[in-house]
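Pasting model_10.tsv here (TSV, N, CA and C atoms):
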chain	number	residue	atom	x	y	z
A	1	MET	N	54.70	-27.72	137.88
A	1	MET	CA	55.86	-26.94	137.50
A	1	MET	C	55.60	-25.49	137.89
A	2	THR	N	56.57	-24.88	138.52
A	2	THR	CA	56.41	-23.49	138.94
A	2	THR	C	56.68	-22.55	137.77
A	3	ARG	N	56.23	-21.34	137.91
A	3	ARG	CA	56.46	-20.34	136.86
A	3	ARG	C	57.96	-20.09	136.67
A	4	GLU	N	58.69	-20.11	137.75
A	4	GLU	CA	60.14	-19.88	137.67
A	4	GLU	C	60.81	-20.97	136.84
A	5	ARG	N	60.43	-22.22	137.10
A	5	ARG	CA	61.02	-23.34	136.34
A	5	ARG	C	60.61	-23.27	134.88
A	6	LEU	N	59.37	-22.88	134.62
A	6	LEU	CA	58.90	-22.75	133.25
A	6	LEU	C	59.69	-21.66	132.52
A	7	ALA	N	59.84	-20.51	133.17
A	7	ALA	CA	60.61	-19.41	132.56
A	7	ALA	C	62.05	-19.82	132.34
A	8	GLN	N	62.61	-20.56	133.27
A	8	GLN	CA	63.98	-21.04	133.13
A	8	GLN	C	64.10	-21.99	131.95
A	9	GLY	N	63.11	-22.87	131.78
A	9	GLY	CA	63.12	-23.81	130.67
A	9	GLY	C	63.00	-23.10	129.34
A	10	VAL	N	62.14	-22.09	129.27
A	10	VAL	CA	61.98	-21.31	128.04
A	10	VAL	C	63.27	-20.58	127.71
A	11	SER	N	63.90	-19.98	128.72
A	11	SER	CA	65.17	-19.28	128.50
A	11	SER	C	66.24	-20.23	127.99
A	12	GLU	N	66.30	-21.42	128.56
A	12	GLU	CA	67.28	-22.41	128.13
A	12	GLU	C	67.02	-22.83	126.69
A	13	LEU	N	65.77	-23.04	126.35
A	13	LEU	CA	65.41	-23.43	124.99
A	13	LEU	C	65.76	-22.32	124.01
A	14	GLU	N	65.45	-21.07	124.35
A	14	GLU	CA	65.77	-19.95	123.47
A	14	GLU	C	67.27	-19.80	123.28
A	15	SER	N	68.05	-20.08	124.31
A	15	SER	CA	69.50	-19.97	124.16
A	15	SER	C	70.05	-21.05	123.23
A	16	ARG	N	69.36	-22.20	123.16
A	16	ARG	CA	69.80	-23.28	122.27
A	16	ARG	C	69.34	-23.06	120.83
A	17	VAL	N	68.08	-22.67	120.64
A	17	VAL	CA	67.54	-22.60	119.29
A	17	VAL	C	67.25	-21.18	118.83
A	18	GLY	N	67.36	-20.19	119.67
A	18	GLY	CA	67.11	-18.81	119.28
A	18	GLY	C	65.68	-18.39	119.54
A	19	GLN	N	65.43	-17.12	119.36
A	19	GLN	CA	64.10	-16.56	119.56
A	19	GLN	C	63.15	-17.06	118.47
A	20	PRO	N	61.87	-17.21	118.79
A	20	PRO	CA	60.92	-17.62	117.77
A	20	PRO	C	60.78	-16.53	116.71
A	21	GLN	N	60.57	-16.95	115.46
A	21	GLN	CA	60.41	-15.99	114.38
A	21	GLN	C	58.97	-15.51	114.31
A	22	PRO	N	58.77	-14.26	113.94
A	22	PRO	CA	57.40	-13.81	113.72
A	22	PRO	C	56.80	-14.56	112.53
A	23	LEU	N	55.47	-14.66	112.52
A	23	LEU	CA	54.78	-15.39	111.46
A	23	LEU	C	55.13	-14.85	110.08
A	24	ALA	N	55.19	-13.53	109.92
A	24	ALA	CA	55.46	-12.95	108.61
A	24	ALA	C	56.81	-13.40	108.06
A	25	GLN	N	57.81	-13.44	108.90
A	25	GLN	CA	59.15	-13.85	108.45
A	25	GLN	C	59.16	-15.34	108.10
A	26	SER	N	58.57	-16.17	108.95
A	26	SER	CA	58.51	-17.61	108.68
A	26	SER	C	57.73	-17.89	107.40
A	27	LEU	N	56.63	-17.18	107.21
A	27	LEU	CA	55.80	-17.36	106.03
A	27	LEU	C	56.56	-16.94	104.77
A	28	HIS	N	57.26	-15.83	104.84
A	28	HIS	CA	58.06	-15.36	103.70
A	28	HIS	C	59.11	-16.39	103.31
A	29	GLU	N	59.80	-16.94	104.29
A	29	GLU	CA	60.83	-17.94	104.02
A	29	GLU	C	60.22	-19.23	103.48
A	30	ALA	N	59.07	-19.63	104.02
A	30	ALA	CA	58.43	-20.87	103.60
A	30	ALA	C	57.90	-20.78	102.18
A	31	LEU	N	57.48	-19.59	101.75
A	31	LEU	CA	56.88	-19.45	100.43
A	31	LEU	C	57.79	-18.74	99.44
A	32	LEU	N	59.06	-18.72	99.74
A	32	LEU	CA	60.04	-18.12	98.85
A	32	LEU	C	59.99	-18.79	97.48
A	33	GLY	N	59.84	-18.01	96.43
A	33	GLY	CA	59.79	-18.55	95.09
A	33	GLY	C	58.39	-18.91	94.61
A	34	ALA	N	57.39	-18.75	95.46
A	34	ALA	CA	56.01	-19.09	95.07
A	34	ALA	C	55.52	-18.11	94.02
A	35	VAL	N	54.81	-18.64	93.03
A	35	VAL	CA	54.21	-17.81	91.99
A	35	VAL	C	52.70	-17.86	92.18
A	36	PHE	N	52.14	-16.74	92.61
A	36	PHE	CA	50.72	-16.65	92.92
A	36	PHE	C	49.91	-16.42	91.66
A	37	PRO	N	48.63	-16.80	91.67
A	37	PRO	CA	47.80	-17.31	92.75
A	37	PRO	C	48.04	-18.80	92.99
A	38	LEU	N	47.84	-19.22	94.25
A	38	LEU	CA	48.01	-20.61	94.66
A	38	LEU	C	46.90	-21.03	95.61
A	39	THR	N	46.58	-22.32	95.60
A	39	THR	CA	45.62	-22.89	96.54
A	39	THR	C	46.35	-23.24	97.83
A	40	ALA	N	45.60	-23.61	98.87
A	40	ALA	CA	46.20	-24.01	100.14
A	40	ALA	C	47.09	-25.24	99.94
A	41	ASP	N	46.65	-26.18	99.12
A	41	ASP	CA	47.47	-27.37	98.86
A	41	ASP	C	48.78	-27.00	98.17
A	42	GLU	N	48.70	-26.10	97.22
A	42	GLU	CA	49.92	-25.67	96.52
A	42	GLU	C	50.84	-24.88	97.45
A	43	LEU	N	50.26	-24.06	98.32
A	43	LEU	CA	51.07	-23.33	99.30
A	43	LEU	C	51.81	-24.29	100.22
A	44	THR	N	51.11	-25.33	100.65
A	44	THR	CA	51.72	-26.33	101.52
A	44	THR	C	52.85	-27.05	100.81
A	45	TRP	N	52.65	-27.35	99.54
A	45	TRP	CA	53.68	-28.04	98.76
A	45	TRP	C	54.93	-27.17	98.64
A	46	VAL	N	54.75	-25.88	98.33
A	46	VAL	CA	55.89	-24.96	98.22
A	46	VAL	C	56.61	-24.87	99.56
A	47	ALA	N	55.85	-24.73	100.64
A	47	ALA	CA	56.45	-24.61	101.97
A	47	ALA	C	57.22	-25.88	102.33
A	48	ARG	N	56.68	-27.03	101.98
A	48	ARG	CA	57.36	-28.30	102.25
A	48	ARG	C	58.68	-28.36	101.47
A	49	GLU	N	58.66	-27.92	100.23
A	49	GLU	CA	59.88	-27.90	99.42
A	49	GLU	C	60.93	-26.95	100.02
A	50	ASN	N	60.46	-25.89	100.67
A	50	ASN	CA	61.37	-24.92	101.31
A	50	ASN	C	61.69	-25.29	102.75
A	51	GLU	N	61.33	-26.53	103.15
A	51	GLU	CA	61.63	-27.07	104.47
A	51	GLU	C	61.07	-26.22	105.60
A	52	ALA	N	59.81	-25.83	105.46
A	52	ALA	CA	59.13	-25.05	106.50
A	52	ALA	C	58.90	-25.91	107.73
A	53	PRO	N	58.79	-25.28	108.89
A	53	PRO	CA	58.51	-26.04	110.12
A	53	PRO	C	57.13	-26.72	110.05
A	54	PRO	N	56.99	-27.86	110.70
A	54	PRO	CA	55.71	-28.59	110.67
A	54	PRO	C	54.50	-27.77	111.11
A	55	VAL	N	54.69	-26.87	112.07
A	55	VAL	CA	53.57	-26.04	112.54
A	55	VAL	C	53.05	-25.17	111.40
A	56	LEU	N	53.95	-24.58	110.63
A	56	LEU	CA	53.54	-23.73	109.52
A	56	LEU	C	52.89	-24.55	108.42
A	57	LEU	N	53.39	-25.76	108.18
A	57	LEU	CA	52.76	-26.65	107.18
A	57	LEU	C	51.32	-26.97	107.59
A	58	SER	N	51.11	-27.19	108.87
A	58	SER	CA	49.75	-27.47	109.36
A	58	SER	C	48.84	-26.27	109.18
A	59	LEU	N	49.36	-25.09	109.49
A	59	LEU	CA	48.56	-23.87	109.32
A	59	LEU	C	48.17	-23.66	107.86
A	60	LEU	N	49.13	-23.85	106.97
A	60	LEU	CA	48.84	-23.67	105.54
A	60	LEU	C	47.85	-24.71	105.04
A	61	GLY	N	47.99	-25.93	105.51
A	61	GLY	CA	47.07	-26.99	105.10
A	61	GLY	C	45.65	-26.75	105.59
A	62	GLY	N	45.49	-25.95	106.63
A	62	GLY	CA	44.17	-25.67	107.17
A	62	GLY	C	43.50	-24.44	106.59
A	63	LEU	N	44.14	-23.81	105.62
A	63	LEU	CA	43.52	-22.64	105.00
A	63	LEU	C	42.28	-23.03	104.22
A	64	PRO	N	41.34	-22.11	104.08
A	64	PRO	CA	40.12	-22.41	103.33
A	64	PRO	C	40.40	-22.59	101.84
A	65	ARG	N	39.43	-23.21	101.15
A	65	ARG	CA	39.54	-23.41	99.70
A	65	ARG	C	39.54	-22.06	98.99
A	66	GLY	N	40.15	-22.03	97.84
A	66	GLY	CA	40.21	-20.83	97.04
A	66	GLY	C	41.64	-20.56	96.64
A	67	LEU	N	41.80	-19.60	95.77
A	67	LEU	CA	43.13	-19.20	95.33
A	67	LEU	C	43.56	-17.95	96.08
A	68	PHE	N	44.75	-17.98	96.60
A	68	PHE	CA	45.31	-16.84	97.30
A	68	PHE	C	46.15	-16.04	96.32
A	69	ALA	N	45.83	-14.76	96.19
A	69	ALA	CA	46.44	-13.90	95.18
A	69	ALA	C	47.86	-13.45	95.53
A	70	SER	N	48.21	-13.47	96.83
A	70	SER	CA	49.51	-12.95	97.23
A	70	SER	C	49.91	-13.50	98.59
A	71	LEU	N	51.15	-13.23	98.95
A	71	LEU	CA	51.65	-13.59	100.27
A	71	LEU	C	50.86	-12.85	101.35
A	72	ASP	N	50.50	-11.61	101.08
A	72	ASP	CA	49.70	-10.84	102.04
A	72	ASP	C	48.35	-11.49	102.28
A	73	ALA	N	47.72	-12.01	101.22
A	73	ALA	CA	46.42	-12.68	101.36
A	73	ALA	C	46.55	-13.91	102.25
A	74	VAL	N	47.65	-14.64	102.10
A	74	VAL	CA	47.89	-15.82	102.93
A	74	VAL	C	48.08	-15.39	104.39
A	75	ALA	N	48.88	-14.35	104.61
A	75	ALA	CA	49.13	-13.88	105.97
A	75	ALA	C	47.84	-13.43	106.64
A	76	VAL	N	47.00	-12.72	105.93
A	76	VAL	CA	45.73	-12.24	106.48
A	76	VAL	C	44.85	-13.43	106.86
A	77	ALA	N	44.78	-14.42	105.98
A	77	ALA	CA	43.96	-15.61	106.26
A	77	ALA	C	44.50	-16.38	107.47
A	78	LEU	N	45.82	-16.49	107.59
A	78	LEU	CA	46.41	-17.20	108.71
A	78	LEU	C	46.19	-16.47	110.03
A	79	GLU	N	46.21	-15.17	109.98
A	79	GLU	CA	46.01	-14.39	111.21
A	79	GLU	C	44.55	-14.34	111.61
A	80	GLY	N	43.68	-14.87	110.75
A	80	GLY	CA	42.27	-14.93	111.10
A	80	GLY	C	41.55	-13.62	111.00
A	81	GLY	N	42.18	-12.64	110.35
A	81	GLY	CA	41.56	-11.33	110.22
A	81	GLY	C	40.38	-11.31	109.29
A	82	LEU	N	40.41	-12.14	108.26
A	82	LEU	CA	39.35	-12.15	107.27
A	82	LEU	C	38.99	-13.58	106.93
A	83	SER	N	37.77	-13.76	106.51
A	83	SER	CA	37.41	-15.07	105.97
A	83	SER	C	37.95	-15.14	104.56
A	84	VAL	N	37.98	-16.31	103.99
A	84	VAL	CA	38.52	-16.46	102.65
A	84	VAL	C	37.72	-15.64	101.64
A	85	SER	N	36.43	-15.43	101.88
A	85	SER	CA	35.64	-14.65	100.95
A	85	SER	C	36.00	-13.16	101.01
A	86	ASP	N	36.58	-12.70	102.12
A	86	ASP	CA	36.98	-11.31	102.25
A	86	ASP	C	38.42	-11.07	101.84
A	87	ALA	N	39.25	-12.11	101.90
A	87	ALA	CA	40.66	-11.98	101.58
A	87	ALA	C	40.83	-11.76	100.08
A	88	PRO	N	41.90	-11.06	99.68
A	88	PRO	CA	42.10	-10.81	98.25
A	88	PRO	C	42.49	-12.09	97.52
A	89	LEU	N	41.50	-12.73	96.93
A	89	LEU	CA	41.71	-13.97	96.20
A	89	LEU	C	41.69	-13.70	94.71
A	90	ALA	N	42.31	-14.58	93.97
A	90	ALA	CA	42.29	-14.45	92.51
A	90	ALA	C	40.92	-14.89	91.98
A	91	ARG	N	40.55	-16.12	92.24
A	91	ARG	CA	39.24	-16.64	91.85
A	91	ARG	C	39.10	-18.01	92.49
A	92	ALA	N	37.90	-18.51	92.53
A	92	ALA	CA	37.67	-19.84	93.09
A	92	ALA	C	38.23	-20.88	92.13
A	93	PRO	N	38.79	-21.99	92.65
A	93	PRO	CA	39.32	-23.01	91.75
A	93	PRO	C	38.21	-23.66	90.95
A	94	ASP	N	38.54	-24.03	89.73
A	94	ASP	CA	37.58	-24.74	88.87
A	94	ASP	C	37.33	-26.12	89.40
A	95	ALA	N	36.12	-26.61	89.17
A	95	ALA	CA	35.80	-27.98	89.56
A	95	ALA	C	36.59	-28.93	88.66
A	96	PRO	N	37.10	-30.02	89.24
A	96	PRO	CA	37.86	-30.96	88.41
A	96	PRO	C	36.97	-31.58	87.34
A	97	THR	N	37.53	-31.75	86.17
A	97	THR	CA	36.81	-32.39	85.08
A	97	THR	C	37.42	-33.74	84.80
A	98	ARG	N	36.58	-34.63	84.27
A	98	ARG	CA	37.08	-35.97	83.98
A	98	ARG	C	37.04	-36.26	82.53
For this file, produce the structure as structure tokens.
Amino acid sequence: MTRERLAQGVSELESRVGQPQPLAQSLHEALLGAVFPLTADELTWVARENEAPPVLLSLLGGLPRGLFASLDAVAVALEGGLSVSDAPLARAPDAPTR
């Protein structure tokens, strides 16, 4: 496939579905109504309830263990700027008890 055909295909796709949203906007919409702190599993659940795109669900599901204190902490972790130990977390989740 030539670059021209690829660019033409991208333009056609954008005209049908619109420009891609920035991560911050998609993340905000996906986690609307979330009450922090939340784990990666809980973030994924909220995003699924808000009908987030599958790509964002995968990204959230791949976040490291721990509690995320805010939407900003989630965004930082997704952008790969900080490890989970550096991101503003609430506290580590308790071990399950039986």
inquiry  = As an exercise, work out the distance from atom C of A:Leu67 to atom C of A:Gln25 in Å and give it to one decimal place.
reply    =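 One can read the atom C of A:Leu67 to atom C of A:Gln25 distance as 19.9 Å.
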message = Report, in Å with one decimal, the straight-line distance from atom CA of A:Ala73 to atom CA of A:Pro53.
response = 20.0 Å
Pairwise distance for atom C of A:Leu38 and atom CA of A:Phe68, rounded to one decimal in Å =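 Computing it gives 4.8 Å between the two atoms.
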message = So that I can check the secondary structure, give me every residue of stretch 27-70 of chain A assigned alpha helix (DSSP H) by backbone DSSP, as a VMD selection string.
response = chain A and resid 27 to 30 40 to 49 54 to 61
query = If you count only N, CA and C atoms, which residues fall within 8 Å of A:Glu29, apart from same-chain ones fewer than 3 positions away, as a ChimeraX atom specification?
reply = /A:23-26,32-33,46-47,50-52
Generate the output file for the selected residues, N, CA and C atoms, as a compact mmCIF listing (two decimals), keeping the file's coordinate frame.
# COMPACT_ATOMS: atom_id res chain seq x y z
N LEU A 23 55.47 -14.66 112.52
CA LEU A 23 54.78 -15.39 111.46
C LEU A 23 55.13 -14.85 110.08
N ALA A 24 55.19 -13.53 109.92
CA ALA A 24 55.46 -12.95 108.61
C ALA A 24 56.81 -13.40 108.06
N GLN A 25 57.81 -13.44 108.90
CA GLN A 25 59.15 -13.85 108.45
C GLN A 25 59.16 -15.34 108.10
N SER A 26 58.57 -16.17 108.95
CA SER A 26 58.51 -17.61 108.68
C SER A 26 57.73 -17.89 107.40
N LEU A 32 59.06 -18.72 99.74
CA LEU A 32 60.04 -18.12 98.85
C LEU A 32 59.99 -18.79 97.48
N GLY A 33 59.84 -18.01 96.43
CA GLY A 33 59.79 -18.55 95.09
C GLY A 33 58.39 -18.91 94.61
N VAL A 46 54.75 -25.88 98.33
CA VAL A 46 55.89 -24.96 98.22
C VAL A 46 56.61 -24.87 99.56
N ALA A 47 55.85 -24.73 100.64
CA ALA A 47 56.45 -24.61 101.97
C ALA A 47 57.22 -25.88 102.33
N ASN A 50 60.46 -25.89 100.67
CA ASN A 50 61.37 -24.92 101.31
C ASN A 50 61.69 -25.29 102.75
N GLU A 51 61.33 -26.53 103.15
CA GLU A 51 61.63 -27.07 104.47
C GLU A 51 61.07 -26.22 105.60
N ALA A 52 59.81 -25.83 105.46
CA ALA A 52 59.13 -25.05 106.50
C ALA A 52 58.90 -25.91 107.73
request  = Enumerate, as a PyMOL selection string, the protein, DNA and RNA residues whose atoms approach (47.4, -25.3, 103.6) to within 8 Å, taking into account only C-alpha atoms and the coordinate frame of the file.
outcome  = chain A and resi 39-44+57-64
message = If we count all atoms listed in the file and set the cut-off at 7 Å, which residues sit around A:Phe36, ignoring sequence neighbours fewer than 4 positions away in its own chain? Please answer as a list of chain:residue names.
response =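 The contact residues come out as A:Phe68, A:Ala69, A:Ser70, A:Leu71.
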From the structure block, carefully write stretch 60-74 of chain A out with all heavy atoms; format it as a CSV table (one decimal), in the first residue's frame.
chain,number,residue,atom,x,y,z
A,60,LEU,N,-6.6,0.3,30.7
A,60,LEU,CA,-7.0,0.4,32.1
A,60,LEU,C,-6.7,-1.0,32.8
A,60,LEU,O,-6.2,-1.0,33.9
A,60,LEU,CB,-8.4,0.8,32.3
A,60,LEU,CG,-8.7,2.2,32.0
A,60,LEU,CD1,-10.2,2.5,32.0
A,60,LEU,CD2,-8.0,3.2,32.9
A,61,GLY,N,-7.0,-2.1,32.1
A,61,GLY,CA,-6.8,-3.4,32.7
A,61,GLY,C,-5.4,-3.7,32.9
A,61,GLY,O,-5.0,-4.6,33.7
A,62,GLY,N,-4.5,-3.0,32.1
A,62,GLY,CA,-3.1,-3.3,32.2
A,62,GLY,C,-2.3,-2.4,33.2
A,62,GLY,O,-1.1,-2.5,33.3
A,63,LEU,N,-3.1,-1.6,33.9
A,63,LEU,CA,-2.4,-0.8,34.9
A,63,LEU,C,-1.9,-1.6,36.1
A,63,LEU,O,-2.4,-2.7,36.4
A,63,LEU,CB,-3.4,0.3,35.5
A,63,LEU,CG,-3.8,1.4,34.6
A,63,LEU,CD1,-5.0,2.2,35.2
A,63,LEU,CD2,-2.6,2.3,34.3
A,64,PRO,N,-0.8,-1.1,36.7
A,64,PRO,CA,-0.2,-1.9,37.9
A,64,PRO,C,-1.2,-1.9,39.1
A,64,PRO,O,-2.1,-1.1,39.2
A,64,PRO,CB,1.0,-1.1,38.2
A,64,PRO,CG,0.8,0.3,37.6
A,64,PRO,CD,-0.1,0.1,36.5
A,65,ARG,N,-0.9,-2.9,40.0
A,65,ARG,CA,-1.7,-3.0,41.2
A,65,ARG,C,-1.5,-1.8,42.0
A,65,ARG,O,-0.5,-1.1,42.0
A,65,ARG,CB,-1.2,-4.2,42.0
A,65,ARG,CG,-1.6,-5.5,41.4
A,65,ARG,CD,-1.2,-6.7,42.2
A,65,ARG,NE,-1.5,-6.4,43.6
A,65,ARG,CZ,-2.4,-7.1,44.4
A,65,ARG,NH1,-2.9,-8.2,43.8
A,65,ARG,NH2,-2.6,-6.8,45.6
A,66,GLY,N,-2.5,-1.5,42.8
A,66,GLY,CA,-2.5,-0.4,43.7
A,66,GLY,C,-3.8,0.4,43.6
A,66,GLY,O,-4.6,0.2,42.7
A,67,LEU,N,-3.9,1.4,44.4
A,67,LEU,CA,-5.1,2.3,44.4
A,67,LEU,C,-4.7,3.6,43.7
A,67,LEU,O,-3.7,4.2,44.1
A,67,LEU,CB,-5.7,2.5,45.8
A,67,LEU,CG,-6.4,1.4,46.4
A,67,LEU,CD1,-6.8,1.7,47.9
A,67,LEU,CD2,-7.6,1.0,45.6
A,68,PHE,N,-5.5,4.0,42.8
A,68,PHE,CA,-5.2,5.3,42.1
A,68,PHE,C,-6.1,6.4,42.8
A,68,PHE,O,-7.3,6.2,42.9
A,68,PHE,CB,-5.5,5.2,40.6
A,68,PHE,CG,-4.6,4.3,39.9
A,68,PHE,CD1,-4.8,2.9,39.9
A,68,PHE,CD2,-3.4,4.8,39.3
A,68,PHE,CE1,-3.9,2.0,39.3
A,68,PHE,CE2,-2.5,3.9,38.7
A,68,PHE,CZ,-2.8,2.6,38.7
A,69,ALA,N,-5.4,7.4,43.3
A,69,ALA,CA,-6.0,8.4,44.1
A,69,ALA,C,-6.9,9.4,43.3
A,69,ALA,O,-7.8,10.1,43.8
A,69,ALA,CB,-5.0,9.2,44.8
A,70,SER,N,-6.6,9.5,41.9
A,70,SER,CA,-7.4,10.5,41.1
A,70,SER,C,-7.3,10.2,39.7
A,70,SER,O,-6.5,9.3,39.3
A,70,SER,CB,-6.7,11.9,41.4
A,70,SER,OG,-5.4,11.9,40.8
A,71,LEU,N,-8.1,10.9,38.9
A,71,LEU,CA,-8.0,10.8,37.4
A,71,LEU,C,-6.6,11.1,36.9
A,71,LEU,O,-6.1,10.5,36.0
A,71,LEU,CB,-9.1,11.6,36.8
A,71,LEU,CG,-9.3,11.6,35.3
A,71,LEU,CD1,-9.7,10.1,34.9
A,71,LEU,CD2,-10.4,12.6,34.9
A,72,ASP,N,-6.0,12.1,37.5
A,72,ASP,CA,-4.7,12.5,37.1
A,72,ASP,C,-3.7,11.4,37.3
A,72,ASP,O,-2.8,11.2,36.5
A,72,ASP,CB,-4.2,13.8,37.9
A,72,ASP,CG,-5.0,15.0,37.4
A,72,ASP,OD1,-5.5,15.0,36.3
A,72,ASP,OD2,-5.0,16.0,38.2
A,73,ALA,N,-3.8,10.7,38.4
A,73,ALA,CA,-2.9,9.6,38.7
A,73,ALA,C,-3.1,8.5,37.7
A,73,ALA,O,-2.1,7.9,37.2
A,73,ALA,CB,-3.2,9.0,40.1
A,74,VAL,N,-4.3,8.2,37.2
A,74,VAL,CA,-4.5,7.2,36.2
A,74,VAL,C,-3.9,7.7,34.9
A,74,VAL,O,-3.2,6.9,34.2
A,74,VAL,CB,-6.1,7.0,36.0
A,74,VAL,CG1,-6.3,6.0,34.9
A,74,VAL,CG2,-6.7,6.5,37.3
